[in-house]
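K.L.:
Please find one structure pasted underneath; my questions will follow.
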Amino acid sequence: MFELIGESFKSAINKLRFVDDEKALKNALETLKKSLLKADVHHKVVKDLLVLVEEDVKKNGIGQKQFLNALKVNLEYILNVNGKNQGFVFAPKPPTIVLMTGLQGGGKTTSTIKLANYLKLRNKKVLVAACDLQRLAAVEQLKQLCNTNEIELFYIENETNPIEVAKKALEKVNSSMVDVLLVDTAGRLAIDEILMNELKDIKEALNPHEVFYVADAMSGQDGVKTAASFNEALGITGVILSKFDADTKGGVALGIAKQIGIPLRFIGVGEKIADLEIFIPDRIVSRIMGEGDLATLAEKTAAIIDEKEAKKLNQKIKKGEFNFNDFLNQMESIKKLGSMKSLIGMIPGLSNINSELKDLDLDNSKEILHIKAMISSMTPKERENPDLLNNARKRRIAEGAGLSQIEVNRFLKQFANAAKLAKRFSGKKGMDSLMQMMSQARRQF
């Protein structure tokens, strides 16, 4: 995400090779202007940003560092939206009621489930109400998504009035221990009076604490205009940008924040259920600049990985007892963190290799499927103790997995090397070694 904007910053900064060169500053600002317009940022937003950057640079001295700092400060200023709420804000007394709105095809239903999962991982009890009774099979889609991800769904069979469903859902959460009610509403291919009246009626019936608008990140300035229309009719309190992994521009984010003054609360950064992140301006700007976002990575990890289990695993790694069952368990944990592209983008210095990881899928890639097939062909004792794998056992595993013994040997060698590397990082000096490796990677890329 934001790849085009990030690249434009690098191009602009490279124009400033000498200190106090006003001509170079002018060229840098012109390069930045063209790139931002190409990234679908509204011309008024571009103009305001350039004025702020130029003023700050001239005040602090013309140079690459000053230009970079001015960009960071003013981007954060634009995206902060006057200090309005970030992420999810709970009501003083549960349940917190959230009305989910947006156009059809914008990712509203998927974003609703992602938000429910985000809250569930933080030990909140969530109920999703199916109030999209217009789109064919909308309720069925929600049923499948909720069943797959163990999220409770409220719906009324054969009901055609979404207001009745909303009222009954509200009655249920008020009489139970539900922390959050997420209400999935109908969308249209375009804004019309019928849609807006229906949403207004549901809002009146629920009196929600939040009205979220789900905006397609690929919609550009049309997305900004649509968000403005929803805001005028309903009073939007936050925006979730969906499909952000597919958009290399990012202009819609700046437009919504600057032109409408609505805070961006979450971004969808992939297709997986875990691919939803809080939109925190300084962290997003840090990623744009290629500086990573270790704070978000740590938060996502803490929500997924059990601290006791992590300590137990670390002890096994220190003793050199990491086995294939541990490997599979870690694979499952990593999958819950979201897409690899998103995770790599949070590590300083590695954001430039994101394009290479775009299609890496921990469920369906050929390499992962082969590894799972090999481990499935092992006996329980072999999984617990990799040292048991002699040539005869390797031949049996290769036959069971439908692979050659060469492929099995290659995987076992990679596994042994990974276990040694993990052991190296598990000691007292492990963090120093890890930071040194990341520093080297940052210089390389």
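Letters for chains follow the order of the structure tokens (A, B, ...), residue numbers begin at 1 for each chain, and ligand numbers begin at 1 in the order shown.
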Could you tell me, as a ChimeraX atom specification, which residues of region 96-144 of chain A DSSP assigns to strand (DSSP E or B) when given the backbone?
P.N.:
/A:96-101,126-131
K.L.:
Taking C-alpha atoms for each residue, export the selection above as an mmCIF file, in the first residue's frame.
P.N.:
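In the end it all went to part-v9.cif:
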```
data_model
loop_
_atom_site.group_PDB
_atom_site.id
_atom_site.type_symbol
_atom_site.label_atom_id
_atom_site.label_comp_id
_atom_site.auth_asym_id
_atom_site.auth_seq_id
_atom_site.Cartn_x
_atom_site.Cartn_y
_atom_site.Cartn_z
ATOM 1 C CA THR A 96 -21.006 -0.735 21.727
ATOM 2 C CA ILE A 97 -23.244 -0.490 18.656
ATOM 3 C CA VAL A 98 -21.634 0.029 15.256
ATOM 4 C CA LEU A 99 -23.560 0.645 12.038
ATOM 5 C CA MET A 100 -21.559 -0.594 9.026
ATOM 6 C CA THR A 101 -22.356 1.242 5.781
ATOM 7 C CA VAL A 126 -19.264 -9.799 19.348
ATOM 8 C CA LEU A 127 -22.628 -10.221 17.648
ATOM 9 C CA VAL A 128 -23.066 -9.508 13.929
ATOM 10 C CA ALA A 129 -26.579 -8.577 12.765
ATOM 11 C CA ALA A 130 -27.559 -9.407 9.184
ATOM 12 C CA CYS A 131 -29.507 -6.347 8.032
#
```
K.L.:
Excluding His370 (chain A) and any residue of its chain fewer than 2 positions from it, enumerate the residues within 12 Å of it, using only C-alpha atoms, and give them as JSON, numbers by chain.
P.N.:
{"A": [362, 363, 364, 365, 366, 367, 368, 372, 373, 374, 375, 376, 377, 397, 398, 400, 401, 402, 403, 404, 407, 408, 410, 411]}
K.L.:
Okay, now the selection with N, CA and C atoms, as an mmCIF file, in the first residue's frame?
P.N.:
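Here's the written file part_28.cif:
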```cif
data_model
loop_
_atom_site.group_PDB
_atom_site.id
_atom_site.type_symbol
_atom_site.label_atom_id
_atom_site.label_comp_id
_atom_site.auth_asym_id
_atom_site.auth_seq_id
_atom_site.Cartn_x
_atom_site.Cartn_y
_atom_site.Cartn_z
ATOM 1 N N LEU A 362 0.401 -18.797 2.871
ATOM 2 C CA LEU A 362 0.804 -19.839 3.813
ATOM 3 C C LEU A 362 -0.167 -21.015 3.828
ATOM 4 N N ASP A 363 -1.269 -20.921 3.137
ATOM 5 C CA ASP A 363 -2.204 -22.040 3.031
ATOM 6 C C ASP A 363 -2.002 -22.830 1.752
ATOM 7 N N ASN A 364 -1.762 -22.133 0.648
ATOM 8 C CA ASN A 364 -1.870 -22.787 -0.659
ATOM 9 C C ASN A 364 -0.618 -22.758 -1.529
ATOM 10 N N SER A 365 0.491 -22.171 -1.067
ATOM 11 C CA SER A 365 1.683 -22.165 -1.911
ATOM 12 C C SER A 365 2.202 -23.593 -2.062
ATOM 13 N N LYS A 366 2.857 -23.854 -3.194
ATOM 14 C CA LYS A 366 3.340 -25.204 -3.485
ATOM 15 C C LYS A 366 4.300 -25.688 -2.402
ATOM 16 N N GLU A 367 5.210 -24.814 -1.955
ATOM 17 C CA GLU A 367 6.196 -25.206 -0.960
ATOM 18 C C GLU A 367 5.537 -25.592 0.362
ATOM 19 N N ILE A 368 4.558 -24.792 0.789
ATOM 20 C CA ILE A 368 3.888 -25.069 2.061
ATOM 21 C C ILE A 368 3.093 -26.371 1.978
ATOM 22 N N LYS A 372 3.650 -29.646 4.379
ATOM 23 C CA LYS A 372 2.565 -30.265 5.143
ATOM 24 C C LYS A 372 2.398 -31.737 4.780
ATOM 25 N N ALA A 373 2.551 -32.046 3.489
ATOM 26 C CA ALA A 373 2.442 -33.437 3.045
ATOM 27 C C ALA A 373 3.546 -34.286 3.657
ATOM 28 N N MET A 374 4.772 -33.740 3.727
ATOM 29 C CA MET A 374 5.894 -34.474 4.325
ATOM 30 C C MET A 374 5.648 -34.740 5.811
ATOM 31 N N ILE A 375 5.238 -33.707 6.524
ATOM 32 C CA ILE A 375 5.027 -33.865 7.962
ATOM 33 C C ILE A 375 3.863 -34.814 8.229
ATOM 34 N N SER A 376 2.832 -34.759 7.379
ATOM 35 C CA SER A 376 1.685 -35.672 7.527
ATOM 36 C C SER A 376 2.084 -37.128 7.304
ATOM 37 N N SER A 377 3.164 -37.343 6.526
ATOM 38 C CA SER A 377 3.632 -38.702 6.233
ATOM 39 C C SER A 377 4.548 -39.249 7.325
ATOM 40 N N ILE A 397 8.702 -41.426 3.798
ATOM 41 C CA ILE A 397 8.055 -40.108 3.847
ATOM 42 C C ILE A 397 7.913 -39.530 2.435
ATOM 43 N N ALA A 398 8.961 -39.681 1.620
ATOM 44 C CA ALA A 398 8.920 -39.177 0.246
ATOM 45 C C ALA A 398 7.802 -39.843 -0.543
ATOM 46 N N GLY A 400 5.101 -41.296 0.698
ATOM 47 C CA GLY A 400 3.812 -40.881 1.274
ATOM 48 C C GLY A 400 3.393 -39.493 0.847
ATOM 49 N N ALA A 401 4.387 -38.604 0.639
ATOM 50 C CA ALA A 401 4.087 -37.216 0.268
ATOM 51 C C ALA A 401 4.052 -37.007 -1.242
ATOM 52 N N GLY A 402 4.414 -38.051 -1.996
ATOM 53 C CA GLY A 402 4.447 -37.929 -3.452
ATOM 54 C C GLY A 402 5.582 -37.054 -3.937
ATOM 55 N N LEU A 403 6.718 -37.089 -3.223
ATOM 56 C CA LEU A 403 7.877 -36.263 -3.559
ATOM 57 C C LEU A 403 9.114 -37.141 -3.697
ATOM 58 N N SER A 404 10.192 -36.539 -4.163
ATOM 59 C CA SER A 404 11.458 -37.262 -4.255
ATOM 60 C C SER A 404 12.189 -37.172 -2.917
ATOM 61 N N GLU A 407 13.931 -33.859 -2.434
ATOM 62 C CA GLU A 407 13.095 -32.765 -1.908
ATOM 63 C C GLU A 407 12.920 -32.889 -0.403
ATOM 64 N N VAL A 408 12.771 -34.137 0.082
ATOM 65 C CA VAL A 408 12.642 -34.357 1.525
ATOM 66 C C VAL A 408 13.927 -33.944 2.236
ATOM 67 N N ARG A 410 16.136 -31.801 1.239
ATOM 68 C CA ARG A 410 16.284 -30.344 1.174
ATOM 69 C C ARG A 410 15.474 -29.673 2.286
ATOM 70 N N PHE A 411 14.233 -30.123 2.458
ATOM 71 C CA PHE A 411 13.387 -29.552 3.508
ATOM 72 C C PHE A 411 13.981 -29.803 4.891
#
```
K.L.:
Which of these, A:Ile151, A:Ala28, A:Leu412, A:Leu388, has the shortest distance to Leu121 (chain A) once you count only C-alpha atoms?
P.N.:
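Of A:Ile151, A:Ala28, A:Leu412, A:Leu388, the one nearest Leu121 (chain A) is A:Ile151, counting only C-alpha atoms.
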K.L.:
Could you pull the residues within 10 Å of Val224 (chain A), counting only C-alpha atoms, minus those fewer than 2 positions along the same chain, as a PyMOL selection string?
P.N.:
chain A and resi 42+215-217+219-222+226-229+251-257+259-260
K.L.:
Can I get the selection written as a compact mmCIF listing (two decimals), in the first residue's frame, with C-alpha atoms?
P.N.:
```txt
# COMPACT_ATOMS: atom_id res chain seq x y z
CA HIS A 42 -6.83 15.69 -4.85
CA ALA A 215 -14.54 2.78 1.33
CA ASP A 216 -12.92 0.87 -1.51
CA ALA A 217 -9.28 2.02 -1.58
CA SER A 219 -12.12 4.12 -5.82
CA GLY A 220 -9.88 7.23 -5.79
CA GLN A 221 -11.65 10.59 -5.80
CA ASP A 222 -15.01 8.90 -6.44
CA THR A 226 -19.21 9.00 -1.91
CA ALA A 227 -17.86 9.19 1.64
CA ALA A 228 -18.88 12.86 1.70
CA SER A 229 -22.44 11.95 0.64
CA GLY A 251 -4.72 9.03 -2.61
CA VAL A 252 -8.19 8.22 -1.25
CA ALA A 253 -6.79 8.06 2.29
CA LEU A 254 -5.39 11.59 2.16
CA GLY A 255 -8.56 12.84 0.46
CA ILE A 256 -10.96 11.48 3.07
CA ALA A 257 -8.86 12.79 5.94
CA GLN A 259 -11.27 17.05 2.44
CA ILE A 260 -14.01 15.56 4.62
```
K.L.:
Looking at A:Val211, A:Leu37, A:Leu52, A:Ile202, which one is nearest to Gly238 (chain A), with distances taken over only C-alpha atoms?
P.N.:
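The answer is A:Val211, which sits nearest to Gly238 (chain A).
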K.L.:
Rank nothing, just name the residue among A:Arg135, A:Lys272, A:Lys258, A:Lys93 nearest to Val180 (chain A), using only C-alpha atoms.
P.N.:
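Of A:Arg135, A:Lys272, A:Lys258, A:Lys93, the one nearest Val180 (chain A), counting only C-alpha atoms, is A:Lys93.
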K.L.:
Within 12 Å of Lys58 (chain A), counting only C-alpha atoms, which residues qualify if same-chain residues fewer than 5 places away don't, as a PyMOL selection string?
P.N.:
chain A and resi 19-22+25-26+51-53+63-64+66-67+70
K.L.:
Let's have the selection written as a PDB file, in the first residue's frame, with C-alpha atoms.
P.N.:
```pdb
ATOM      1  CA  VAL A  19      22.390  22.033   1.154  1.00  0.00           C
ATOM      2  CA  ASP A  20      20.656  25.410   0.699  1.00  0.00           C
ATOM      3  CA  ASP A  21      19.901  24.842  -2.988  1.00  0.00           C
ATOM      4  CA  GLU A  22      16.581  26.636  -3.651  1.00  0.00           C
ATOM      5  CA  LEU A  25      13.996  22.441  -3.601  1.00  0.00           C
ATOM      6  CA  LYS A  26      11.775  23.769  -6.375  1.00  0.00           C
ATOM      7  CA  VAL A  51       2.913  24.817   0.869  1.00  0.00           C
ATOM      8  CA  LEU A  52       3.387  23.336   4.351  1.00  0.00           C
ATOM      9  CA  VAL A  53       6.456  21.329   3.312  1.00  0.00           C
ATOM     10  CA  GLY A  63      18.398  19.632   2.702  1.00  0.00           C
ATOM     11  CA  GLN A  64      17.310  16.021   2.404  1.00  0.00           C
ATOM     12  CA  GLN A  66      14.789  18.672   6.540  1.00  0.00           C
ATOM     13  CA  PHE A  67      12.649  17.773   3.500  1.00  0.00           C
ATOM     14  CA  ALA A  70       8.757  18.187   6.817  1.00  0.00           C
TER      15      ALA A  70
END
```
K.L.:
Would you list the contacts of Lys381 (chain A) as JSON, numbers by chain, taking every protein, DNA or RNA residue within 12 Å and counting only C-alpha atoms, but skipping same-chain residues closer than 5 positions in sequence?
P.N.:
{"A": [323, 324, 325, 375, 386, 387, 388, 389, 393]}
K.L.:
What's the 12 Å shell around Leu119 (chain A), counting only C-alpha atoms, without same-chain residues fewer than 2 positions away, as a ChimeraX atom specification?
P.N.:
/A:87-90,96,112-117,121-128,151,178-182,273-274,276-278,300,303-304
K.L.:
Output the selection as a short mmCIF file (atom, residue, chain, number, x, y, z; two decimals), in the first residue's frame - N, CA and C atoms for each residue.
P.N.:
```cif
data_model
loop_
_atom_site.label_atom_id
_atom_site.label_comp_id
_atom_site.auth_asym_id
_atom_site.auth_seq_id
_atom_site.Cartn_x
_atom_site.Cartn_y
_atom_site.Cartn_z
N GLY A 87 -8.72 3.82 15.65
CA GLY A 87 -9.04 2.43 15.99
C GLY A 87 -10.46 2.27 16.47
N PHE A 88 -10.67 1.36 17.41
CA PHE A 88 -12.02 1.08 17.92
C PHE A 88 -12.17 1.70 19.30
N VAL A 89 -13.23 2.47 19.47
CA VAL A 89 -13.51 3.12 20.75
C VAL A 89 -14.77 2.50 21.35
N PHE A 90 -14.64 1.93 22.54
CA PHE A 90 -15.78 1.27 23.18
C PHE A 90 -16.65 2.27 23.92
N THR A 96 -21.34 -1.77 22.70
CA THR A 96 -21.01 -0.74 21.73
C THR A 96 -21.68 -1.11 20.41
N THR A 112 -16.78 -6.12 7.92
CA THR A 112 -17.54 -6.35 9.15
C THR A 112 -17.03 -7.59 9.86
N ILE A 113 -16.80 -8.66 9.12
CA ILE A 113 -16.30 -9.90 9.71
C ILE A 113 -14.86 -9.72 10.20
N LYS A 114 -14.05 -9.01 9.43
CA LYS A 114 -12.67 -8.75 9.87
C LYS A 114 -12.65 -7.96 11.18
N LEU A 115 -13.55 -6.98 11.29
CA LEU A 115 -13.63 -6.18 12.51
C LEU A 115 -14.10 -7.05 13.68
N ALA A 116 -15.06 -7.92 13.42
CA ALA A 116 -15.55 -8.84 14.46
C ALA A 116 -14.41 -9.74 14.95
N ASN A 117 -13.61 -10.23 14.02
CA ASN A 117 -12.48 -11.09 14.38
C ASN A 117 -11.43 -10.31 15.17
N LEU A 121 -10.34 -11.41 18.97
CA LEU A 121 -8.97 -11.70 19.39
C LEU A 121 -8.57 -10.89 20.62
N ARG A 122 -9.31 -9.84 20.90
CA ARG A 122 -9.05 -9.01 22.08
C ARG A 122 -10.05 -9.33 23.19
N ASN A 123 -10.56 -10.56 23.13
CA ASN A 123 -11.44 -11.12 24.17
C ASN A 123 -12.75 -10.37 24.35
N LYS A 124 -13.29 -9.85 23.25
CA LYS A 124 -14.60 -9.21 23.29
C LYS A 124 -15.64 -10.13 22.66
N LYS A 125 -16.81 -10.16 23.27
CA LYS A 125 -17.91 -10.95 22.72
C LYS A 125 -18.66 -10.10 21.69
N VAL A 126 -18.72 -10.59 20.46
CA VAL A 126 -19.26 -9.80 19.35
C VAL A 126 -20.47 -10.50 18.74
N LEU A 127 -21.47 -9.72 18.39
CA LEU A 127 -22.63 -10.22 17.65
C LEU A 127 -22.73 -9.43 16.35
N VAL A 128 -22.86 -10.14 15.23
CA VAL A 128 -23.07 -9.51 13.93
C VAL A 128 -24.53 -9.65 13.55
N ILE A 151 -17.86 -16.72 14.74
CA ILE A 151 -18.45 -15.45 15.15
C ILE A 151 -19.97 -15.61 15.20
N VAL A 178 -23.10 -9.34 25.57
CA VAL A 178 -22.40 -8.98 24.33
C VAL A 178 -21.70 -7.63 24.51
N ASP A 179 -20.44 -7.57 24.06
CA ASP A 179 -19.67 -6.32 24.17
C ASP A 179 -19.92 -5.39 22.99
N VAL A 180 -20.03 -5.98 21.78
CA VAL A 180 -20.14 -5.16 20.56
C VAL A 180 -21.17 -5.76 19.62
N LEU A 181 -22.04 -4.90 19.08
CA LEU A 181 -22.98 -5.28 18.03
C LEU A 181 -22.56 -4.60 16.74
N LEU A 182 -22.23 -5.41 15.73
CA LEU A 182 -21.89 -4.89 14.41
C LEU A 182 -23.05 -5.16 13.47
N ILE A 273 -8.78 -13.06 7.02
CA ILE A 273 -9.61 -12.50 8.09
C ILE A 273 -8.78 -11.63 9.04
N ALA A 274 -7.49 -11.94 9.20
CA ALA A 274 -6.64 -11.17 10.12
C ALA A 274 -6.08 -9.90 9.49
N LEU A 276 -6.68 -6.86 8.94
CA LEU A 276 -7.29 -5.58 9.30
C LEU A 276 -6.41 -4.92 10.34
N GLU A 277 -6.06 -3.67 10.12
CA GLU A 277 -5.15 -2.97 11.03
C GLU A 277 -5.70 -1.60 11.41
N ILE A 278 -5.38 -1.17 12.62
CA ILE A 278 -5.74 0.18 13.04
C ILE A 278 -4.98 1.18 12.19
N LYS A 300 -0.08 -6.93 17.02
CA LYS A 300 -0.71 -8.07 16.35
C LYS A 300 -0.20 -9.39 16.93
N ALA A 303 -1.63 -10.17 20.41
CA ALA A 303 -3.04 -10.58 20.39
C ALA A 303 -3.20 -12.04 19.97
N ILE A 304 -2.21 -12.58 19.25
CA ILE A 304 -2.31 -13.93 18.70
C ILE A 304 -1.57 -14.96 19.56
#
```
K.L.:
Identify, on the basis of only C-alpha atoms, every residue whose closest approach to Leu264 (chain A) does not exceed 10 Å; exclude the query and any residue fewer than 2 positions from it along the same chain; express the result as a ChimeraX atom specification.
P.N.:
/A:79-81,84-87,212-215,237-241,253-254,256-257,261-262,266-267,278-281
K.L.:
Enumerate, as a ChimeraX atom specification, the complete set of residues in region 107-164 of chain A that a backbone-based DSSP assignment places in alpha helix (DSSP H).
P.N.:
/A:108-120,138-148,162-164
K.L.:
Would you save the residues from that selection as a CSV table (one decimal), in the first residue's frame, using C-alpha atoms?
P.N.:
```
chain,number,residue,atom,x,y,z
A,108,LYS,CA,-18.5,-3.9,3.6
A,109,THR,CA,-19.5,-7.4,4.6
A,110,THR,CA,-16.0,-8.7,4.6
A,111,SER,CA,-14.8,-5.7,6.6
A,112,THR,CA,-17.5,-6.3,9.1
A,113,ILE,CA,-16.3,-9.9,9.7
A,114,LYS,CA,-12.7,-8.7,9.9
A,115,LEU,CA,-13.6,-6.2,12.5
A,116,ALA,CA,-15.5,-8.8,14.5
A,117,ASN,CA,-12.5,-11.1,14.4
A,118,TYR,CA,-10.2,-8.2,15.4
A,119,LEU,CA,-12.4,-7.6,18.5
A,120,LYS,CA,-12.8,-11.4,19.2
A,138,ALA,CA,-26.1,-11.6,1.5
A,139,VAL,CA,-27.3,-13.4,4.7
A,140,GLU,CA,-26.0,-16.7,3.4
A,141,GLN,CA,-22.6,-15.1,2.8
A,142,LEU,CA,-22.6,-13.8,6.4
A,143,LYS,CA,-23.6,-17.3,7.7
A,144,GLN,CA,-20.7,-18.9,6.0
A,145,LEU,CA,-18.2,-16.3,7.1
A,146,CYS,CA,-19.4,-16.3,10.7
A,147,ASN,CA,-19.3,-20.1,10.9
A,148,THR,CA,-15.8,-20.3,9.4
A,162,PRO,CA,-34.1,-4.8,8.0
A,163,ILE,CA,-35.4,-2.4,10.8
A,164,GLU,CA,-37.1,-5.4,12.5
```
K.L.:
A:Thr160, A:Ala418, A:Lys172, A:Leu29: which is nearest Phe327 (chain A), counting only C-alpha atoms?
P.N.:
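Closest residue, counting only C-alpha atoms: A:Ala418.
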